[in-house]
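Here is data08.cif, consisting of mmCIF, C-alpha atoms and all ligand atoms:
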data_upload
#
loop_
_atom_site.label_atom_id
_atom_site.label_comp_id
_atom_site.auth_asym_id
_atom_site.auth_seq_id
_atom_site.Cartn_x
_atom_site.Cartn_y
_atom_site.Cartn_z
CA MET F 1 -3.76 -28.31 -0.76
CA ASN F 2 -5.61 -31.02 1.16
CA THR F 3 -7.53 -32.00 -1.92
CA SER F 4 -5.14 -32.52 -4.79
CA ILE F 5 -5.93 -31.39 -8.31
CA ASP F 6 -6.28 -35.04 -9.34
CA GLN F 7 -8.75 -35.71 -6.54
CA LEU F 8 -10.76 -32.67 -7.59
CA LYS F 9 -10.83 -33.84 -11.21
CA SER F 10 -11.98 -37.33 -10.13
CA ALA F 11 -14.65 -35.81 -7.90
CA PHE F 12 -15.77 -33.61 -10.81
CA GLU F 13 -16.10 -36.63 -13.09
CA ALA F 14 -17.92 -38.69 -10.48
CA SER F 15 -20.31 -35.83 -9.78
CA PHE F 16 -21.06 -34.53 -13.28
CA GLY F 17 -20.43 -37.67 -15.34
CA ARG F 18 -17.96 -35.96 -17.67
CA LYS F 19 -14.31 -35.02 -17.54
CA ALA F 20 -13.20 -31.59 -16.44
CA ALA F 21 -11.94 -29.47 -19.34
CA GLY F 22 -9.81 -27.20 -17.20
CA VAL F 23 -8.71 -26.24 -13.70
CA VAL F 24 -8.21 -22.74 -12.30
CA ARG F 25 -7.27 -21.46 -8.86
CA ALA F 26 -7.31 -18.38 -6.65
CA PRO F 27 -5.52 -17.95 -3.29
CA GLY F 28 -6.51 -16.65 0.13
CA ARG F 29 -4.55 -13.79 1.66
CA VAL F 30 -3.11 -12.22 4.76
CA ASN F 31 -2.59 -8.50 5.05
CA LEU F 32 0.88 -7.54 6.32
CA ILE F 33 -0.31 -4.08 7.37
CA GLY F 34 -2.96 -1.49 6.41
CA GLU F 35 -6.09 -2.82 8.16
CA HIS F 36 -9.50 -1.25 7.71
CA THR F 37 -7.98 1.30 5.38
CA ASP F 38 -9.27 -0.01 2.04
CA TYR F 39 -12.80 1.39 2.36
CA ASN F 40 -11.27 4.68 3.49
CA ASP F 41 -9.46 5.03 0.14
CA GLY F 42 -6.16 4.24 1.86
CA PHE F 43 -3.26 1.84 1.29
CA VAL F 44 -2.95 -1.87 2.07
CA LEU F 45 -0.05 -4.35 1.88
CA PRO F 46 -1.36 -7.92 1.56
CA ILE F 47 0.25 -11.11 0.25
CA ALA F 48 -1.46 -14.08 -1.39
CA ILE F 49 -0.92 -17.20 0.73
CA GLU F 50 -0.27 -20.84 -0.03
CA ARG F 51 -3.91 -21.74 0.62
CA GLN F 52 -6.32 -21.65 -2.26
CA THR F 53 -9.64 -22.44 -3.84
CA VAL F 54 -9.35 -24.64 -6.92
CA ALA F 55 -12.13 -24.99 -9.49
CA ALA F 56 -12.50 -27.67 -12.16
CA TRP F 57 -14.85 -26.77 -14.99
CA SER F 58 -16.36 -28.09 -18.17
CA VAL F 59 -18.74 -26.61 -20.72
CA GLY F 60 -22.21 -28.11 -20.25
CA GLU F 61 -25.05 -28.86 -22.63
CA GLY F 62 -27.82 -26.68 -21.33
CA GLU F 63 -28.54 -23.08 -20.39
CA ALA F 64 -27.41 -23.49 -16.81
CA ILE F 65 -24.33 -23.22 -14.65
CA ARG F 66 -24.08 -25.94 -12.02
CA PHE F 67 -21.90 -25.15 -9.00
CA ARG F 68 -20.77 -27.84 -6.57
CA SER F 69 -18.25 -27.76 -3.74
CA ALA F 70 -16.26 -30.43 -1.97
CA GLN F 71 -16.70 -28.25 1.15
CA ALA F 72 -20.51 -28.32 0.88
CA PRO F 73 -21.56 -31.84 -0.13
CA GLY F 74 -25.23 -32.07 -1.01
CA GLU F 75 -25.56 -28.30 -1.26
CA ASP F 76 -25.52 -27.95 -5.02
CA ALA F 77 -26.50 -24.77 -6.82
CA GLU F 78 -27.84 -24.12 -10.29
CA VAL F 79 -28.03 -20.82 -12.15
CA ASP F 80 -30.52 -20.58 -15.01
CA LEU F 81 -28.88 -18.51 -17.73
CA SER F 82 -32.14 -17.82 -19.55
CA ALA F 83 -33.27 -15.62 -16.64
CA ASP F 84 -31.92 -12.79 -14.51
CA ILE F 85 -29.32 -13.99 -12.02
CA GLN F 86 -30.50 -13.41 -8.45
CA PRO F 87 -29.30 -14.43 -4.99
CA GLY F 88 -30.71 -17.77 -3.79
CA GLY F 89 -29.75 -20.92 -1.95
CA PRO F 90 -27.51 -22.48 -0.88
CA LYS F 91 -25.75 -19.62 0.86
CA TRP F 92 -22.17 -20.48 -0.15
CA ALA F 93 -23.07 -20.27 -3.83
CA ASN F 94 -24.26 -16.67 -3.61
CA TYR F 95 -20.67 -15.57 -4.07
CA CYS F 96 -20.67 -17.55 -7.33
CA ARG F 97 -24.07 -16.27 -8.45
CA GLY F 98 -22.96 -12.71 -7.77
CA VAL F 99 -19.83 -13.15 -9.85
CA ALA F 100 -21.82 -14.67 -12.73
CA ALA F 101 -24.23 -11.72 -12.61
CA GLY F 102 -21.36 -9.23 -12.54
CA LEU F 103 -19.52 -10.83 -15.45
CA ARG F 104 -22.72 -10.80 -17.48
CA ALA F 105 -23.37 -7.14 -16.63
CA HIS F 106 -19.83 -6.41 -17.78
CA GLY F 107 -20.67 -7.91 -21.19
CA LEU F 108 -19.32 -11.44 -20.94
CA VAL F 109 -21.63 -13.93 -22.65
CA LEU F 110 -21.90 -16.69 -20.07
CA THR F 111 -21.99 -20.26 -21.26
CA GLY F 112 -23.72 -23.22 -19.60
CA CYS F 113 -21.09 -25.10 -17.64
CA ASP F 114 -20.32 -27.26 -14.62
CA VAL F 115 -17.95 -26.05 -11.92
CA MET F 116 -16.65 -27.92 -8.90
CA PHE F 117 -14.63 -26.29 -6.12
CA ALA F 118 -12.27 -27.55 -3.45
CA SER F 119 -10.56 -25.25 -0.99
CA ASP F 120 -8.11 -25.35 1.87
CA VAL F 121 -8.76 -21.75 2.90
CA PRO F 122 -10.62 -22.07 6.22
CA ILE F 123 -14.12 -20.64 5.89
CA GLY F 124 -14.74 -17.59 8.07
CA GLY F 125 -11.13 -17.74 9.28
CA GLY F 126 -10.20 -14.24 8.16
CA LEU F 127 -8.05 -15.49 5.27
CA SER F 128 -10.46 -14.38 2.54
CA SER F 129 -12.04 -17.68 1.70
CA SER F 130 -14.85 -15.74 0.06
CA ALA F 131 -12.62 -13.66 -2.21
CA SER F 132 -10.76 -16.79 -3.28
CA LEU F 133 -14.11 -18.42 -4.11
CA GLU F 134 -15.26 -15.36 -6.06
CA VAL F 135 -12.08 -15.06 -8.07
CA ALA F 136 -11.91 -18.82 -8.74
CA THR F 137 -15.52 -18.63 -9.96
CA ALA F 138 -14.67 -15.76 -12.30
CA MET F 139 -11.63 -17.62 -13.67
CA ALA F 140 -13.77 -20.71 -14.35
CA LEU F 141 -16.65 -18.84 -15.99
CA ILE F 142 -14.28 -16.78 -18.15
CA ALA F 143 -12.45 -19.96 -19.23
CA ALA F 144 -15.73 -21.72 -20.06
CA ALA F 145 -16.95 -18.72 -22.08
CA ALA F 146 -13.66 -18.56 -23.99
CA ALA F 147 -13.83 -22.30 -24.73
CA THR F 148 -17.26 -21.83 -26.33
CA ALA F 149 -16.59 -18.56 -28.15
CA PRO F 150 -12.86 -17.74 -28.32
CA GLU F 151 -13.67 -14.21 -29.54
CA SER F 152 -15.34 -13.63 -26.17
CA ARG F 153 -11.94 -13.97 -24.49
CA SER F 154 -12.43 -11.59 -21.71
CA LYS F 155 -11.17 -8.05 -21.90
CA ILE F 156 -11.64 -7.54 -18.21
CA THR F 157 -8.79 -5.79 -16.42
CA PRO F 158 -7.64 -7.04 -12.99
CA ARG F 159 -9.14 -3.91 -11.39
CA GLU F 160 -12.49 -4.48 -13.12
CA LEU F 161 -12.48 -8.12 -12.08
CA ALA F 162 -11.76 -7.17 -8.47
CA LEU F 163 -14.66 -4.70 -8.56
CA ILE F 164 -17.01 -7.32 -10.02
CA CYS F 165 -16.08 -9.76 -7.24
CA GLN F 166 -16.45 -7.07 -4.57
CA LYS F 167 -19.90 -6.17 -5.89
CA ALA F 168 -20.89 -9.84 -5.76
CA GLU F 169 -19.98 -9.84 -2.09
CA HIS F 170 -21.92 -6.63 -1.42
CA ASP F 171 -25.05 -7.44 -3.40
CA PHE F 172 -25.32 -11.23 -3.15
CA ALA F 173 -23.71 -12.02 0.23
CA GLY F 174 -24.58 -8.87 2.18
CA ALA F 175 -20.94 -8.29 3.14
CA PRO F 176 -19.89 -4.65 2.67
CA CYS F 177 -16.18 -5.39 2.19
CA GLY F 178 -13.48 -3.19 0.68
CA ILE F 179 -11.38 -3.98 -2.40
CA MET F 180 -8.27 -5.51 -0.79
CA ASP F 181 -9.10 -9.22 -0.70
CA GLN F 182 -10.26 -9.54 -4.30
CA SER F 183 -7.32 -7.46 -5.55
CA ILE F 184 -4.66 -9.58 -3.90
CA ALA F 185 -6.38 -12.83 -4.92
CA ILE F 186 -5.95 -11.63 -8.52
CA LEU F 187 -2.66 -9.71 -8.38
CA GLY F 188 -0.56 -11.64 -5.86
CA GLN F 189 2.97 -12.57 -6.95
CA PRO F 190 5.39 -15.08 -5.42
CA GLY F 191 7.92 -13.35 -3.19
CA ARG F 192 6.07 -10.03 -3.35
CA ALA F 193 3.66 -8.06 -1.19
CA LEU F 194 1.16 -5.88 -3.03
CA LEU F 195 1.10 -2.20 -2.16
CA LEU F 196 -2.35 -1.14 -3.32
CA ASP F 197 -3.68 2.39 -3.44
CA CYS F 198 -7.34 1.64 -2.87
CA ARG F 199 -8.40 4.99 -4.31
CA SER F 200 -6.61 4.98 -7.66
CA GLY F 201 -6.11 1.23 -8.00
CA GLU F 202 -2.38 1.82 -8.56
CA THR F 203 -0.16 -1.02 -7.41
CA ARG F 204 3.49 -1.65 -6.60
CA GLN F 205 4.97 -5.07 -5.96
CA ILE F 206 7.23 -4.94 -2.88
CA PRO F 207 9.85 -7.70 -2.41
CA PHE F 208 8.84 -10.06 0.40
CA GLY F 209 10.78 -13.21 -0.27
CA ASP F 210 13.81 -13.11 2.03
CA PRO F 211 14.59 -16.79 2.79
CA ASN F 212 15.68 -15.77 6.31
CA LEU F 213 12.11 -14.68 7.09
CA VAL F 214 9.03 -16.77 7.78
CA LEU F 215 5.51 -15.52 8.16
CA LEU F 216 3.47 -17.60 10.61
CA VAL F 217 -0.32 -17.53 10.44
CA ALA F 218 -2.00 -18.44 13.72
CA ASP F 219 -5.70 -19.20 13.60
CA THR F 220 -7.75 -18.39 16.71
CA GLU F 221 -10.56 -20.49 15.20
CA VAL F 222 -12.91 -17.79 16.43
CA LYS F 223 -15.25 -17.42 13.48
CA HIS F 224 -16.22 -14.05 12.13
CA ALA F 225 -18.44 -12.91 9.30
CA ILE F 226 -18.26 -9.54 7.58
CA SER F 227 -22.02 -9.63 7.27
CA ASP F 228 -22.36 -9.69 11.09
CA GLY F 229 -22.68 -5.95 11.60
CA GLY F 230 -19.50 -4.97 13.44
CA TYR F 231 -17.70 -4.38 10.17
CA ALA F 232 -20.45 -2.23 8.65
CA ALA F 233 -20.67 -0.22 11.87
CA ARG F 234 -16.93 0.58 11.68
CA ARG F 235 -17.25 1.57 8.05
CA ASP F 236 -20.17 3.88 8.81
CA GLN F 237 -18.29 5.50 11.71
CA CYS F 238 -15.40 6.20 9.34
CA TYR F 239 -17.72 7.75 6.78
CA GLY F 240 -19.29 9.81 9.57
CA ALA F 241 -15.86 11.03 10.72
CA ALA F 242 -14.88 11.97 7.15
CA ALA F 243 -18.10 13.97 6.79
CA ARG F 244 -17.39 15.89 10.02
CA LEU F 245 -13.88 16.64 8.82
CA ALA F 246 -15.34 17.72 5.46
CA VAL F 247 -13.01 15.41 3.52
CA PRO F 248 -14.06 12.88 0.84
CA ALA F 249 -12.51 10.02 2.84
CA LEU F 250 -10.29 9.55 5.90
CA ARG F 251 -7.40 9.10 3.45
CA ASP F 252 -7.57 12.88 3.02
CA ALA F 253 -7.18 13.64 6.73
CA ASP F 254 -4.04 13.53 8.88
CA GLY F 255 -3.19 13.37 12.59
CA PRO F 256 -3.05 17.13 13.28
CA ARG F 257 -6.34 17.71 11.48
CA ILE F 258 -8.05 15.03 13.55
CA GLU F 259 -6.69 16.37 16.84
CA GLN F 260 -7.75 19.91 15.89
CA ALA F 261 -11.25 18.66 15.14
CA ALA F 262 -11.26 16.82 18.47
CA ALA F 263 -10.12 19.94 20.36
CA ALA F 264 -12.83 21.96 18.62
CA GLY F 265 -15.44 19.42 19.69
CA LEU F 266 -16.17 18.48 16.07
CA LEU F 267 -15.05 14.89 16.35
CA ALA F 268 -15.57 12.75 19.46
CA GLY F 269 -16.24 9.29 20.80
CA LYS F 270 -16.16 6.30 18.49
CA GLU F 271 -15.78 8.40 15.34
CA LEU F 272 -12.67 10.03 16.78
CA MET F 273 -11.21 6.66 17.77
CA ARG F 274 -11.90 5.14 14.34
CA ALA F 275 -10.41 8.16 12.56
CA ARG F 276 -7.24 8.01 14.69
CA HIS F 277 -6.75 4.37 13.77
CA VAL F 278 -7.30 4.83 10.05
CA VAL F 279 -5.04 7.86 9.69
CA GLY F 280 -2.27 6.27 11.78
CA GLU F 281 -2.59 2.98 9.93
CA ILE F 282 -2.28 4.59 6.50
CA GLU F 283 0.94 6.29 7.71
CA ARG F 284 2.22 2.97 9.01
CA VAL F 285 1.79 1.37 5.59
CA GLY F 286 4.15 3.91 4.03
CA GLN F 287 6.69 3.40 6.81
CA ALA F 288 6.34 -0.37 6.54
CA VAL F 289 7.12 -0.30 2.82
CA GLU F 290 10.27 1.71 3.56
CA ALA F 291 11.30 -0.69 6.33
CA LEU F 292 10.71 -3.72 4.13
CA SER F 293 12.60 -2.22 1.21
CA ALA F 294 15.55 -1.48 3.53
CA GLY F 295 15.43 -5.02 4.99
CA ASP F 296 14.82 -3.43 8.40
CA TYR F 297 12.61 -6.17 9.85
CA PRO F 298 12.79 -4.96 13.46
CA ALA F 299 11.31 -1.63 12.29
CA PHE F 300 8.68 -3.48 10.27
CA GLY F 301 7.87 -5.56 13.36
CA ARG F 302 7.40 -2.47 15.53
CA LEU F 303 4.90 -1.16 12.99
CA MET F 304 3.04 -4.48 13.19
CA TYR F 305 2.71 -4.11 16.98
CA GLY F 306 1.60 -0.49 16.53
CA SER F 307 -1.05 -1.60 14.05
CA HIS F 308 -2.31 -4.29 16.42
CA GLU F 309 -2.58 -1.93 19.37
CA SER F 310 -4.45 0.61 17.30
CA LEU F 311 -6.88 -2.05 16.03
CA ARG F 312 -7.36 -3.30 19.58
CA ASP F 313 -7.78 0.04 21.35
CA ASP F 314 -9.06 2.58 18.81
CA TYR F 315 -10.77 0.35 16.27
CA GLU F 316 -11.97 -2.28 18.76
CA VAL F 317 -11.89 -5.21 16.35
CA SER F 318 -9.48 -7.52 18.18
CA CYS F 319 -10.47 -10.22 20.69
CA ASP F 320 -8.78 -12.01 23.63
CA GLU F 321 -7.50 -14.83 21.47
CA LEU F 322 -5.85 -12.47 18.94
CA ASP F 323 -4.35 -10.34 21.71
CA ALA F 324 -3.01 -13.47 23.41
CA ILE F 325 -1.18 -14.61 20.27
CA VAL F 326 0.45 -11.19 19.89
CA GLU F 327 1.45 -11.10 23.56
CA LEU F 328 2.81 -14.67 23.44
CA ALA F 329 4.87 -13.79 20.35
CA ARG F 330 6.28 -10.47 21.61
CA PRO F 331 8.85 -11.70 24.19
CA THR F 332 9.87 -14.76 22.18
CA GLY F 333 13.36 -14.68 20.68
CA GLY F 334 13.45 -14.50 16.87
CA VAL F 335 10.09 -12.71 16.57
CA TYR F 336 10.10 -9.37 14.71
CA GLY F 337 6.45 -8.48 15.11
CA ALA F 338 2.87 -9.73 15.32
CA ARG F 339 -0.62 -8.43 14.70
CA MET F 340 -4.14 -9.48 13.92
CA THR F 341 -4.84 -9.60 10.18
CA GLY F 342 -8.03 -9.09 8.20
CA GLY F 343 -11.33 -7.77 9.46
CA GLY F 344 -10.87 -8.96 13.05
CA PHE F 345 -13.45 -10.14 15.64
CA GLY F 346 -11.60 -13.47 15.46
CA GLY F 347 -9.77 -15.01 12.53
CA CYS F 348 -6.00 -15.04 12.32
CA ALA F 349 -2.91 -13.29 13.62
CA ILE F 350 0.36 -13.10 11.70
CA VAL F 351 3.81 -13.35 13.26
CA LEU F 352 6.93 -12.31 11.35
CA VAL F 353 9.88 -14.39 12.51
CA GLN F 354 13.43 -15.43 11.70
CA ALA F 355 13.43 -18.63 9.67
CA ASP F 356 15.67 -20.79 11.89
CA PRO F 357 13.65 -20.66 15.11
CA ALA F 358 10.28 -20.49 13.27
CA ALA F 359 9.15 -23.99 14.29
CA ALA F 360 10.12 -23.45 17.92
CA ILE F 361 8.34 -20.08 17.97
CA ALA F 362 5.18 -21.66 16.57
CA GLU F 363 5.33 -24.30 19.31
CA THR F 364 5.76 -21.67 22.03
CA ILE F 365 2.73 -19.75 20.79
CA ALA F 366 0.51 -22.81 20.30
CA ALA F 367 1.42 -24.17 23.76
CA GLY F 368 0.88 -20.80 25.46
CA PHE F 369 -2.45 -20.44 23.69
CA ALA F 370 -3.45 -23.93 24.86
CA SER F 371 -2.63 -23.22 28.48
CA ARG F 372 -4.84 -20.11 28.31
CA PHE F 373 -7.77 -21.34 26.20
CA GLY F 374 -7.64 -25.13 26.63
CA ARG F 375 -6.91 -25.81 22.96
CA ARG F 376 -4.02 -25.17 20.61
CA CYS F 377 -4.33 -22.65 17.80
CA PRO F 378 -3.39 -24.12 14.41
CA ILE F 379 -0.34 -22.35 13.00
CA PHE F 380 1.10 -22.62 9.52
CA ALA F 381 3.95 -20.89 7.73
CA THR F 382 3.38 -19.26 4.37
CA ARG F 383 5.33 -17.50 1.68
CA ALA F 384 3.89 -14.89 -0.66
CA ALA F 385 2.17 -16.90 -3.36
CA GLN F 386 0.89 -16.45 -6.92
CA GLY F 387 -2.48 -14.79 -7.48
CA ALA F 388 -5.23 -16.39 -9.55
CA SER F 389 -4.05 -18.57 -12.41
CA VAL F 390 -5.04 -21.25 -14.89
CA VAL F 391 -3.67 -24.57 -13.65
CA GLU F 392 -4.50 -26.57 -16.79
C1 LIG G 401 -12.05 -7.65 5.43
C2 LIG G 401 -12.56 -6.97 4.17
C3 LIG G 401 -11.46 -6.13 3.52
C4 LIG G 401 -10.81 -5.20 4.54
C5 LIG G 401 -10.42 -5.97 5.80
C6 LIG G 401 -9.90 -5.07 6.88
O1 LIG G 401 -11.08 -8.61 5.08
O2 LIG G 401 -13.02 -7.92 3.24
O3 LIG G 401 -11.99 -5.41 2.43
O4 LIG G 401 -11.64 -4.12 4.84
O5 LIG G 401 -11.51 -6.70 6.32
O6 LIG G 401 -8.71 -4.47 6.49
#
Re-express the file's structure as structure tokens.
Amino acid sequence: MNTSIDQLKSAFEASFGRKAAGVVRAPGRVNLIGEHTDYNDGFVLPIAIERQTVAAWSVGEGEAIRFRSAQAPGEDAEVDLSADIQPGGPKWANYCRGVAAGLRAHGLVLTGCDVMFASDVPIGGGLSSSASLEVATAMALIAAAAATAPESRSKITPRELALICQKAEHDFAGAPCGIMDQSIAILGQPGRALLLDCRSGETRQIPFGDPNLVLLVADTEVKHAISDGGYAARRDQCYGAAARLAVPALRDADGPRIEQAAAAGLLAGKELMRARHVVGEIERVGQAVEALSAGDYPAFGRLMYGSHESLRDDYEVSCDELDAIVELARPTGGVYGARMTGGGFGGCAIVLVQADPAAAIAETIAAGFASRFGRRCPIFATRAAQGASVVE
């Protein structure tokens, strides 16, 4: 964390003129495989990463929640608890407003409080900075409510909390995301990847803590936003394809069914391409879990490349910078696999590598990227980290 917990607490005190009563945190994520499957009721396999949003909080005196962020100095937000909670300015705080509104709608009695955030999850970098902000907000507001009225100690399940945070993103930030990012920010475990069935909400923790493995995260620094339109267009094409196939969601289709529909002229063009990706990707998640459980990293790596190619060619959400990282990684010794991660259109790629040559591999990729684009891509290594928690 660039900003330490102590720095955050000092900044809180300097800003609000009182000491923080508690500190909570929620991580960002990368998805190992299972991209653009969550809103098709499919499976995903993300890990929480060692980047996080931390929130210091204290119960206040009035009927308001004051949100401040070290990442947005001078852009303070205030939510009046005596009125309906609506979207407003500044933009970053809409995630927080949405979470407050959702917790209230769920029955939590919100208490006036002050909350200050600091984060080292790059904003718009495809590592779920927004989900980590939403979940950190929820953790802080729940802690403040419990401090005021212990009997209000929240009875919200992880699934309900993920849905509240997702709804905040839909309704207050205009980003029609799926359920993956919020779920992993809540449910992540050290040394585990989360296999999530996005239809039922069922989860399985899959070991991902082999000390001989390192996951590199390479940031193209090409910014994307889920509210930009490309994401919603993909989602709508998937829903259109499911309707043509007469299935509730693409989760319920399979390869042969799609090819039959294509041969019959029922499914064509972009909808056909999107459906091929989603159905293939859901299959790859199952195979990837088997490969991981067997310690067969070369097989896992091949599935990563398959996922990337499908996202690039059929789903059309990659970009030159992401493709370049994958192509730089592929021939390098010690690399098992690489792919873009997250929504795409920029953001980050992940590279699964052997631990010993990890630093040299990162250097090869960053240098190759620089010779192509005139700047290095920042690369960091991460392990699977803990989901949201109370720090103190
Ligand atoms: C974004 C969304 C997720 C998911 C991914 C693509 O990160 O927030 O819900 O759809 O894109 O897998």
I'd like the neighbourhood of Arg68 of chain F as a PDB file with C-alpha atoms, in the coordinates of the input, where a residue qualifies if any of its atoms comes within 9 Å (using all atoms listed in the file), though same-chain residues fewer than 3 positions away should be ignored.
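Just written: around17.pdb:
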ATOM      1  CA  PHE F  12     -15.770 -33.610 -10.810  1.00  0.00           C
ATOM      2  CA  SER F  15     -20.310 -35.830  -9.780  1.00  0.00           C
ATOM      3  CA  GLN F  71     -16.700 -28.250   1.150  1.00  0.00           C
ATOM      4  CA  ALA F  72     -20.510 -28.320   0.880  1.00  0.00           C
ATOM      5  CA  PRO F  73     -21.560 -31.840  -0.130  1.00  0.00           C
ATOM      6  CA  GLY F  74     -25.230 -32.070  -1.010  1.00  0.00           C
ATOM      7  CA  GLU F  75     -25.560 -28.300  -1.260  1.00  0.00           C
ATOM      8  CA  ASP F  76     -25.520 -27.950  -5.020  1.00  0.00           C
ATOM      9  CA  ALA F  77     -26.500 -24.770  -6.820  1.00  0.00           C
ATOM     10  CA  GLU F  78     -27.840 -24.120 -10.290  1.00  0.00           C
ATOM     11  CA  ALA F  93     -23.070 -20.270  -3.830  1.00  0.00           C
ATOM     12  CA  ASP F 114     -20.320 -27.260 -14.620  1.00  0.00           C
ATOM     13  CA  VAL F 115     -17.950 -26.050 -11.920  1.00  0.00           C
ATOM     14  CA  MET F 116     -16.650 -27.920  -8.900  1.00  0.00           C
ATOM     15  CA  PHE F 117     -14.630 -26.290  -6.120  1.00  0.00           C
TER      16      PHE F 117
END
Task: Selection: 12 Å around Glu169 of chain F, only C-alpha atoms, excl. self and same-chain fewer than 4 positions, as a PyMOL selection string - done: chain F and resi 87+91-102+128-135+162-165+173-179+181-182+225-227
- [ ] Can you pull out every residue within 10 Å of Gln189 of chain F, counting all atoms listed in the file, but drop anything in the same chain fewer than 5 positions away, and send it as a VMD selection string?
- [x] chain F and resid 47 to 49 184 194 205 to 208 384 to 388
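Between atom CA of Phe300 of chain F and atom CA of Arg330 of chain F there is a distance of 13.5 Å.
One distance worth recording is that between atom CA of Arg25 of chain F and atom CA of Trp57 of chain F, which is 11.1 Å.
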- [ ] Using only C-alpha atoms, pick whichever of F:Leu45, F:Lys9, F:Ile258, F:Glu35 has the shortest atom-to-atom distance to Glu309 of chain F.
- [x] F:Glu35
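Between atom CA of Phe67 of chain F and atom CA of Leu81 of chain F there is a distance of 13.0 Å.
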